[in-house]
Amino acid sequence: MPSADAMNESESARNDLKNGLDDATQIRKEKFRLRDAVTQVMKMQKERDSDAHQTLRSYLGNVHGQGNNSLRSMRVMEHPPNTGVIYVMDRASRKGWTPMDESWGNFGQGAPEVGHIPNAPDKPRTISMQDDEFEYAPTAGIKPLREAVAKLYNESYRKGKNSQYTWENVCIVPGGRAGLTRIAAAIGDTNVGFFLPDYTAYEQLLTIFKRFVPIPTPLRTQDFHIPPHYLRQEITERGLGVVVCSNPANPTGQVVCGPALKEWIAIARECKTVLVMDEFYSHYIYGNHKNELGKTVSAAEFIEDVNKDPVIMLNGLTKNWRLPGWRCCWIVGPKDFISSMSSAGSFLDGGTNHPLQVAAIPLLDPQRVLHDAKALQTHFLTKRNYVISRLGKMNLPVLPPKGTFYIWLDVSPLPEPLNNGLGFFEKALDYKVIIVPGIFFDINPGRRRELFESPFHHYVRLSFGPPMEQLEKGLDGIEQMLRDIGWLVTGDMPAEEKGDRGHGGDA
């Protein structure tokens with residue numbers, strides 16, 4: 001057994017090594033700070049100073065302010081703004097990216113990998129159709145699928161509770177956006193609150209419908225968490241009749257669950273404020289202990305009366321079942337609200353694909369869902385840990401996500417122009433890497449703000465939804481980019497550690 005002196009010397013050596021590495025990192029950061037100070041007079045402060053920002057503004061639909069995006073051919077028509085994923089994929093295609101080009105690392109993907117993952121149940125490969133499936137389906141969906149959704153929620157979240165969901169509490173919709181649009185069409189004259197950052201499609205949703213007033217609340221805490229007292233404060237001080245929120249949150253990956261979520265529901269009930277809970281990432285949970293593997297999150301767990309509590313939930317096959325191409329999703333809420341969703345669907349979208357509704361029914365068997373969620377959480381946790389590890393070794397601060405398959409990355413420590421999301425994104429394209437700039441998650445109805453005034457312009461979102469091979473290529477590209485600008489030097493990231501894919505740990 002080593003002597004106490006030898007052990008102290010070994011510990012001292014380890015501390016010296018750690019301090020030496022820390023000192024090297026600080027010296028490198030200080031070098032960039034000094035350079036930035038010297039060039040302060042040239043520092044980019046406005047959109048006009050940034051080529052990346054001017055490129056974004058050049059796309060029709062992204063011109064600053066209302067009324068400036070009219071179509072040339074028809075001035076009474078306006079082009080809607082580009083969502084983040086559409087914009088970044090268009091820019092990537094102009095740099096040579098194609099869906100079949102495997103040399104790119106696509107962190108911009110807003111969907112999970114769809115192939116088989118270890119220990120997951122197989123997905124259906126063929127569909128056998130009956131004659132009645134050639135007919136239109138009801139705008140609220142076919143009854144057997146609505147019953148299957150109600151059964152899943154009751155068995156997953158409402159065991160032992162008197163108030164249970166039935167098929168009348170469920171509306172089937174052709175995708176999450178279609179569901180959100182139906183909900184927005186039913187909102188009357190009220191204030192609608194939403195937290196920033198959040199899902200990019202909310203911007204168009206909150207812009208198109210003019211009956212309600214959208215009121216944003218930027219989250220300025222480092223962890224982007226929304227405690228119950230803050231929700232109550234926003235509702236009461238701003239007079240919010242509706243609050244729209246993704247949980248788990250896109251893009252930050254933070255989750256409201258357990259007692260905090262229970263209090264959220266109680267606040268909504270007490271204040272008579274409608275909570276619209278976007279739960280499309282509710283199976284991507286990474287805080288569970290091993291004995292809770294497969295546990296998912298939903299507001300349904302804490303609702304007292306399914307027909308009285310003012311809570312609406314959206315979910316679907318898109319993310320949690322890894323079937324984005326099916327466009328088969330659902331809204332769950334009080335019966336009278338679901339009736340209004342059926343009426344809204346009759347003039348907005350016409351309803352969901354009939355054959356795929358039938359094919360979806362066996363996929364909602366509660367035991368199959370649990371089996372699939374266990375495999376999903378194990379697989380995506382490994383990918384999450386790998387990406388966090390690689391970014392950490394590149395001296396980039398990471399807020400570990402507790403849910404979703406996104407990393408919300410702060411690039412402000414980097415030198416210009418990589419210290420803002422658009423600049424980082426444009427430079428990364430040269431290394432065949434696709435990410436989404438953070439400004440796209442600054443929901444800004446009417447495009448009133450300058451991009452540099454966004455509180456999230458120095459963030460980017462990285463998706464670990466794609467297969468591991470794409471993640472490796474993307475991280476290799478980012479690492480090379482940082483080496484080329486001098487942010488990383490030889491020895492910062494030992495080669496033998498690059499291939500470390502992390503480990504499962506607690507899900």
# chains A, B, ... in the order shown; residues from 1 in each chain; ligands from 1
call {"tool": "residues_around", "arguments": {"residues": "stretch 213-223 of chain A", "least_positions_apart": "2", "cutoff": "6 Å", "atoms": "only C-alpha atoms", "output": "PyMOL selection string"}}
result
chain A and resi 191-196+225
call {"tool": "residues_around", "arguments": {"residues": "A:Phe337", "least_positions_apart": "5", "cutoff": "9 Å", "atoms": "only C-alpha atoms", "output": "number ranges by chain"}}
result
A: 169, 186, 307, 312, 342
call {"tool": "atom_distance", "arguments": {"atom1": "atom CA of A:Val311", "atom2": "atom CA of A:Pro227"}}
result
17.8 Å
call {"tool": "closest_atom_pairs", "arguments": {"of": "stretch 98-167 of chain A", "to": "stretch 347-371 of chain A", "cutoff": "10 Å", "atoms": "only C-alpha atoms", "output": "JSON lines"}}
result
{"residue": "A:Asn119", "atom": "CA", "partner": "A:His371", "partner_atom": "CA", "distance": 8.2}
{"residue": "A:Ala120", "atom": "CA", "partner": "A:His371", "partner_atom": "CA", "distance": 6.8}
{"residue": "A:Pro121", "atom": "CA", "partner": "A:His371", "partner_atom": "CA", "distance": 7.2}
{"residue": "A:Lys123", "atom": "CA", "partner": "A:Leu363", "partner_atom": "CA", "distance": 8.4}
{"residue": "A:Pro124", "atom": "CA", "partner": "A:Ala359", "partner_atom": "CA", "distance": 8.1}
{"residue": "A:Thr126", "atom": "CA", "partner": "A:Ala359", "partner_atom": "CA", "distance": 9.2}
{"residue": "A:Ile127", "atom": "CA", "partner": "A:Ala359", "partner_atom": "CA", "distance": 6.8}
{"residue": "A:Ser128", "atom": "CA", "partner": "A:Pro355", "partner_atom": "CA", "distance": 8.5}
{"residue": "A:Met129", "atom": "CA", "partner": "A:Pro355", "partner_atom": "CA", "distance": 6.6}
{"residue": "A:Gln130", "atom": "CA", "partner": "A:Pro355", "partner_atom": "CA", "distance": 8.5}
{"residue": "A:Asp132", "atom": "CA", "partner": "A:His354", "partner_atom": "CA", "distance": 9.0}
{"residue": "A:Glu133", "atom": "CA", "partner": "A:Pro355", "partner_atom": "CA", "distance": 5.5}
{"residue": "A:Phe134", "atom": "CA", "partner": "A:His354", "partner_atom": "CA", "distance": 7.4}
{"residue": "A:Glu135", "atom": "CA", "partner": "A:His354", "partner_atom": "CA", "distance": 7.5}
{"residue": "A:Tyr136", "atom": "CA", "partner": "A:His354", "partner_atom": "CA", "distance": 6.6}
{"residue": "A:Ala137", "atom": "CA", "partner": "A:His354", "partner_atom": "CA", "distance": 5.3}
{"residue": "A:Pro138", "atom": "CA", "partner": "A:Gly351", "partner_atom": "CA", "distance": 6.7}
{"residue": "A:Thr139", "atom": "CA", "partner": "A:Gly351", "partner_atom": "CA", "distance": 4.3}
{"residue": "A:Ala140", "atom": "CA", "partner": "A:Gly351", "partner_atom": "CA", "distance": 6.8}
{"residue": "A:Gly141", "atom": "CA", "partner": "A:Thr352", "partner_atom": "CA", "distance": 6.7}
{"residue": "A:Ile142", "atom": "CA", "partner": "A:Gln357", "partner_atom": "CA", "distance": 7.2}
{"residue": "A:Lys143", "atom": "CA", "partner": "A:Gln357", "partner_atom": "CA", "distance": 9.8}
{"residue": "A:Pro144", "atom": "CA", "partner": "A:Ile361", "partner_atom": "CA", "distance": 7.3}
{"residue": "A:Leu145", "atom": "CA", "partner": "A:Ile361", "partner_atom": "CA", "distance": 5.4}
{"residue": "A:Arg146", "atom": "CA", "partner": "A:Ile361", "partner_atom": "CA", "distance": 8.8}
{"residue": "A:Glu147", "atom": "CA", "partner": "A:Ile361", "partner_atom": "CA", "distance": 9.0}
{"residue": "A:Ala148", "atom": "CA", "partner": "A:Ile361", "partner_atom": "CA", "distance": 6.2}
{"residue": "A:Val149", "atom": "CA", "partner": "A:Leu364", "partner_atom": "CA", "distance": 6.7}
{"residue": "A:Ala150", "atom": "CA", "partner": "A:Leu364", "partner_atom": "CA", "distance": 9.8}
{"residue": "A:Lys151", "atom": "CA", "partner": "A:Pro366", "partner_atom": "CA", "distance": 8.0}
{"residue": "A:Leu152", "atom": "CA", "partner": "A:Pro366", "partner_atom": "CA", "distance": 5.5}
{"residue": "A:Tyr153", "atom": "CA", "partner": "A:Pro366", "partner_atom": "CA", "distance": 8.7}
{"residue": "A:Asn154", "atom": "CA", "partner": "A:Pro366", "partner_atom": "CA", "distance": 9.7}
{"residue": "A:Glu155", "atom": "CA", "partner": "A:Pro366", "partner_atom": "CA", "distance": 7.0}
{"residue": "A:Ser156", "atom": "CA", "partner": "A:Pro366", "partner_atom": "CA", "distance": 7.2}
call {"tool": "residues_around", "arguments": {"residues": "A:Thr252", "least_positions_apart": "3", "cutoff": "9 Å", "atoms": "only C-alpha atoms", "output": "list in words"}}
result
Pro197, Asp198, Asp223, Phe224, Pro248, Ala249, Val255, Leu399, Pro400, Pro401, Lys402, Gly403, Thr404, Tyr406, Ile407, Trp408, Leu409 and Arg461 of chain A
call {"tool": "select_by_dssp", "arguments": {"residues": "stretch 359-414 of chain A", "states": "alpha helix (DSSP H)", "output": "ChimeraX atom specification"}}
result
/A:359-360,366-393
call {"tool": "residues_around", "arguments": {"residues": "A:Val460", "least_positions_apart": "2", "cutoff": "9 Å", "atoms": "only C-alpha atoms", "output": "list in words"}}
result
Ile407, Trp408, Leu409, Asp410, Val411, Asn420, Gly421, Leu422, Phe424, Phe425, Ile435, Val436, Pro437, Gly438, Ile439, Phe456, His457, His458 and Leu462 of chain A
call {"tool": "residues_around", "arguments": {"residues": "stretch 268-278 of chain A", "least_positions_apart": "6", "cutoff": "8 Å", "atoms": "only C-alpha atoms", "output": "VMD selection string"}}
result
chain A and resid 235 to 236 240 to 247 299 309 to 315
call {"tool": "write_last_selection", "arguments": {"atoms": "N, CA, C and O atoms", "output": "PDB file, in the first residue's frame"}}
result
ATOM      1  N   ILE A 235     -48.672  34.667 -15.059  1.00  0.00           N
ATOM      2  CA  ILE A 235     -50.114  34.579 -15.296  1.00  0.00           C
ATOM      3  C   ILE A 235     -50.850  35.741 -14.642  1.00  0.00           C
ATOM      4  O   ILE A 235     -51.697  36.398 -15.266  1.00  0.00           O
ATOM      5  N   THR A 236     -50.517  36.018 -13.387  1.00  0.00           N
ATOM      6  CA  THR A 236     -51.264  37.033 -12.647  1.00  0.00           C
ATOM      7  C   THR A 236     -50.879  38.450 -13.060  1.00  0.00           C
ATOM      8  O   THR A 236     -51.737  39.327 -13.199  1.00  0.00           O
ATOM      9  N   LEU A 240     -52.659  36.468 -18.212  1.00  0.00           N
ATOM     10  CA  LEU A 240     -52.628  35.466 -19.268  1.00  0.00           C
ATOM     11  C   LEU A 240     -53.831  34.536 -19.192  1.00  0.00           C
ATOM     12  O   LEU A 240     -54.123  33.960 -18.149  1.00  0.00           O
ATOM     13  N   GLY A 241     -54.526  34.404 -20.312  1.00  0.00           N
ATOM     14  CA  GLY A 241     -55.639  33.456 -20.382  1.00  0.00           C
ATOM     15  C   GLY A 241     -55.199  32.103 -20.886  1.00  0.00           C
ATOM     16  O   GLY A 241     -55.855  31.088 -20.642  1.00  0.00           O
ATOM     17  N   VAL A 242     -54.060  32.072 -21.612  1.00  0.00           N
ATOM     18  CA  VAL A 242     -53.503  30.832 -22.171  1.00  0.00           C
ATOM     19  C   VAL A 242     -51.985  30.898 -22.035  1.00  0.00           C
ATOM     20  O   VAL A 242     -51.375  31.963 -22.204  1.00  0.00           O
ATOM     21  N   VAL A 243     -51.363  29.769 -21.726  1.00  0.00           N
ATOM     22  CA  VAL A 243     -49.907  29.639 -21.734  1.00  0.00           C
ATOM     23  C   VAL A 243     -49.550  28.450 -22.618  1.00  0.00           C
ATOM     24  O   VAL A 243     -50.086  27.346 -22.440  1.00  0.00           O
ATOM     25  N   VAL A 244     -48.667  28.687 -23.595  1.00  0.00           N
ATOM     26  CA  VAL A 244     -48.204  27.630 -24.504  1.00  0.00           C
ATOM     27  C   VAL A 244     -46.771  27.284 -24.143  1.00  0.00           C
ATOM     28  O   VAL A 244     -45.929  28.178 -23.995  1.00  0.00           O
ATOM     29  N   CYS A 245     -46.477  26.007 -23.991  1.00  0.00           N
ATOM     30  CA  CYS A 245     -45.147  25.618 -23.528  1.00  0.00           C
ATOM     31  C   CYS A 245     -44.821  24.211 -24.000  1.00  0.00           C
ATOM     32  O   CYS A 245     -45.679  23.315 -23.962  1.00  0.00           O
ATOM     33  N   SER A 246     -43.580  23.998 -24.455  1.00  0.00           N
ATOM     34  CA  SER A 246     -43.131  22.638 -24.755  1.00  0.00           C
ATOM     35  C   SER A 246     -42.490  22.043 -23.504  1.00  0.00           C
ATOM     36  O   SER A 246     -41.714  22.708 -22.817  1.00  0.00           O
ATOM     37  N   ASN A 247     -42.810  20.816 -23.188  1.00  0.00           N
ATOM     38  CA  ASN A 247     -42.278  20.127 -22.011  1.00  0.00           C
ATOM     39  C   ASN A 247     -42.168  18.621 -22.295  1.00  0.00           C
ATOM     40  O   ASN A 247     -43.194  17.970 -22.436  1.00  0.00           O
ATOM     41  N   ALA A 299     -48.517  16.029 -18.276  1.00  0.00           N
ATOM     42  CA  ALA A 299     -49.406  16.753 -17.370  1.00  0.00           C
ATOM     43  C   ALA A 299     -50.593  15.898 -16.958  1.00  0.00           C
ATOM     44  O   ALA A 299     -51.214  16.140 -15.909  1.00  0.00           O
ATOM     45  N   ASP A 309     -60.399  20.471 -15.688  1.00  0.00           N
ATOM     46  CA  ASP A 309     -59.099  21.136 -15.579  1.00  0.00           C
ATOM     47  C   ASP A 309     -58.692  21.716 -16.933  1.00  0.00           C
ATOM     48  O   ASP A 309     -58.762  21.027 -17.961  1.00  0.00           O
ATOM     49  N   PRO A 310     -58.250  22.996 -16.966  1.00  0.00           N
ATOM     50  CA  PRO A 310     -57.965  23.674 -18.243  1.00  0.00           C
ATOM     51  C   PRO A 310     -56.580  23.324 -18.805  1.00  0.00           C
ATOM     52  O   PRO A 310     -55.704  24.187 -18.931  1.00  0.00           O
ATOM     53  N   VAL A 311     -56.400  22.054 -19.126  1.00  0.00           N
ATOM     54  CA  VAL A 311     -55.102  21.580 -19.619  1.00  0.00           C
ATOM     55  C   VAL A 311     -55.300  20.818 -20.926  1.00  0.00           C
ATOM     56  O   VAL A 311     -56.138  19.917 -21.015  1.00  0.00           O
ATOM     57  N   ILE A 312     -54.525  21.213 -21.924  1.00  0.00           N
ATOM     58  CA  ILE A 312     -54.557  20.582 -23.246  1.00  0.00           C
ATOM     59  C   ILE A 312     -53.168  20.023 -23.532  1.00  0.00           C
ATOM     60  O   ILE A 312     -52.169  20.716 -23.336  1.00  0.00           O
ATOM     61  N   MET A 313     -53.097  18.786 -23.991  1.00  0.00           N
ATOM     62  CA  MET A 313     -51.806  18.145 -24.279  1.00  0.00           C
ATOM     63  C   MET A 313     -51.737  17.714 -25.729  1.00  0.00           C
ATOM     64  O   MET A 313     -52.737  17.262 -26.290  1.00  0.00           O
ATOM     65  N   LEU A 314     -50.549  17.868 -26.316  1.00  0.00           N
ATOM     66  CA  LEU A 314     -50.303  17.394 -27.677  1.00  0.00           C
ATOM     67  C   LEU A 314     -49.166  16.375 -27.652  1.00  0.00           C
ATOM     68  O   LEU A 314     -48.170  16.555 -26.941  1.00  0.00           O
ATOM     69  N   ASN A 315     -49.330  15.337 -28.448  1.00  0.00           N
ATOM     70  CA  ASN A 315     -48.281  14.321 -28.586  1.00  0.00           C
ATOM     71  C   ASN A 315     -48.538  13.595 -29.898  1.00  0.00           C
ATOM     72  O   ASN A 315     -49.494  13.914 -30.617  1.00  0.00           O
TER      73      ASN A 315
END
call {"tool": "closest_residue", "arguments": {"among": "A:Asn250, A:Thr181, A:Thr382, A:Thr98", "to": "A:Leu205", "atoms": "only C-alpha atoms"}}
result
A:Thr181
call {"tool": "residues_around", "arguments": {"residues": "A:Pro324", "least_positions_apart": "5", "cutoff": "12 Å", "atoms": "only C-alpha atoms", "output": "PyMOL selection string"}}
result
chain A and resi 109-115+174-176+280+315-319+329
call {"tool": "write_last_selection", "arguments": {"atoms": "N, CA and C atoms", "output": "mmCIF file, in the first residue's frame"}}
result
data_model
loop_
_atom_site.group_PDB
_atom_site.id
_atom_site.type_symbol
_atom_site.label_atom_id
_atom_site.label_comp_id
_atom_site.auth_asym_id
_atom_site.auth_seq_id
_atom_site.Cartn_x
_atom_site.Cartn_y
_atom_site.Cartn_z
ATOM 1 N N GLN A 109 -31.060 18.542 -37.693
ATOM 2 C CA GLN A 109 -32.226 17.688 -37.835
ATOM 3 C C GLN A 109 -33.153 17.802 -36.639
ATOM 4 N N GLY A 110 -34.423 18.119 -36.897
ATOM 5 C CA GLY A 110 -35.406 18.230 -35.823
ATOM 6 C C GLY A 110 -36.210 16.966 -35.631
ATOM 7 N N ALA A 111 -35.666 15.842 -36.064
ATOM 8 C CA ALA A 111 -36.355 14.555 -35.948
ATOM 9 C C ALA A 111 -35.364 13.504 -35.472
ATOM 10 N N PRO A 112 -35.837 12.456 -34.802
ATOM 11 C CA PRO A 112 -34.936 11.399 -34.347
ATOM 12 C C PRO A 112 -34.591 10.445 -35.477
ATOM 13 N N GLU A 113 -33.517 9.686 -35.287
ATOM 14 C CA GLU A 113 -33.226 8.630 -36.251
ATOM 15 C C GLU A 113 -34.400 7.654 -36.280
ATOM 16 N N VAL A 114 -34.722 7.174 -37.470
ATOM 17 C CA VAL A 114 -35.939 6.368 -37.628
ATOM 18 C C VAL A 114 -35.653 4.882 -37.793
ATOM 19 N N GLY A 115 -34.387 4.500 -37.925
ATOM 20 C CA GLY A 115 -34.057 3.089 -38.088
ATOM 21 C C GLY A 115 -34.180 2.318 -36.786
ATOM 22 N N PRO A 174 -53.304 15.659 -38.121
ATOM 23 C CA PRO A 174 -52.240 15.300 -39.075
ATOM 24 C C PRO A 174 -50.928 16.040 -38.802
ATOM 25 N N GLY A 175 -50.339 15.808 -37.634
ATOM 26 C CA GLY A 175 -49.073 16.419 -37.277
ATOM 27 C C GLY A 175 -49.198 17.408 -36.131
ATOM 28 N N GLY A 176 -48.063 17.691 -35.494
ATOM 29 C CA GLY A 176 -48.067 18.606 -34.364
ATOM 30 C C GLY A 176 -48.452 20.020 -34.739
ATOM 31 N N PHE A 280 -44.295 16.494 -27.116
ATOM 32 C CA PHE A 280 -43.778 15.636 -28.176
ATOM 33 C C PHE A 280 -42.456 14.958 -27.837
ATOM 34 N N ASN A 315 -49.330 15.337 -28.448
ATOM 35 C CA ASN A 315 -48.281 14.321 -28.586
ATOM 36 C C ASN A 315 -48.538 13.595 -29.898
ATOM 37 N N GLY A 316 -47.704 12.632 -30.212
ATOM 38 C CA GLY A 316 -47.923 11.904 -31.451
ATOM 39 C C GLY A 316 -46.791 10.960 -31.777
ATOM 40 N N LEU A 317 -46.924 10.309 -32.913
ATOM 41 C CA LEU A 317 -45.941 9.318 -33.342
ATOM 42 C C LEU A 317 -44.645 9.951 -33.838
ATOM 43 N N THR A 318 -44.662 11.251 -34.089
ATOM 44 C CA THR A 318 -43.556 11.934 -34.755
ATOM 45 C C THR A 318 -42.215 11.728 -34.058
ATOM 46 N N LYS A 319 -42.121 12.099 -32.783
ATOM 47 C CA LYS A 319 -40.852 12.053 -32.049
ATOM 48 C C LYS A 319 -40.756 10.809 -31.168
ATOM 49 N N CYS A 329 -50.851 12.358 -35.076
ATOM 50 C CA CYS A 329 -50.668 12.903 -33.726
ATOM 51 C C CYS A 329 -52.029 13.090 -33.066
#
call {"tool": "residues_around", "arguments": {"residues": "A:Glu426", "least_positions_apart": "3", "cutoff": "12 Å", "atoms": "only C-alpha atoms", "output": "ChimeraX atom specification"}}
result
/A:50-56,87-92,94-95,417-423,429-437,460,478,481
call {"tool": "closest_residue", "arguments": {"among": "A:Val387, A:Arg327, A:Glu472, A:Ala373", "to": "A:Leu293", "atoms": "only C-alpha atoms"}}
result
A:Ala373
call {"tool": "closest_residue", "arguments": {"among": "A:Pro99, A:His283, A:Gly486, A:Glu479", "to": "A:Pro415", "atoms": "only C-alpha atoms"}}
result
A:Gly486
call {"tool": "closest_residue", "arguments": {"among": "A:Ile208, A:Val306, A:Ala428, A:Val256", "to": "A:Ile226", "atoms": "only C-alpha atoms"}}
result
A:Val256
call {"tool": "select_by_dssp", "arguments": {"residues": "stretch 248-466 of chain A", "states": "strand (DSSP E)", "output": "ChimeraX atom specification"}}
result
/A:274-278,311-316,329-332,398-399,406-410,433-434,436-437,459-463
call {"tool": "closest_residue", "arguments": {"among": "A:Glu469, A:Cys257, A:Met394, A:Arg483", "to": "A:Ser103", "atoms": "only C-alpha atoms"}}
result
A:Glu469
call {"tool": "atom_distance", "arguments": {"atom1": "atom CA of A:Ile265", "atom2": "atom CA of A:His229"}}
result
12.2 Å
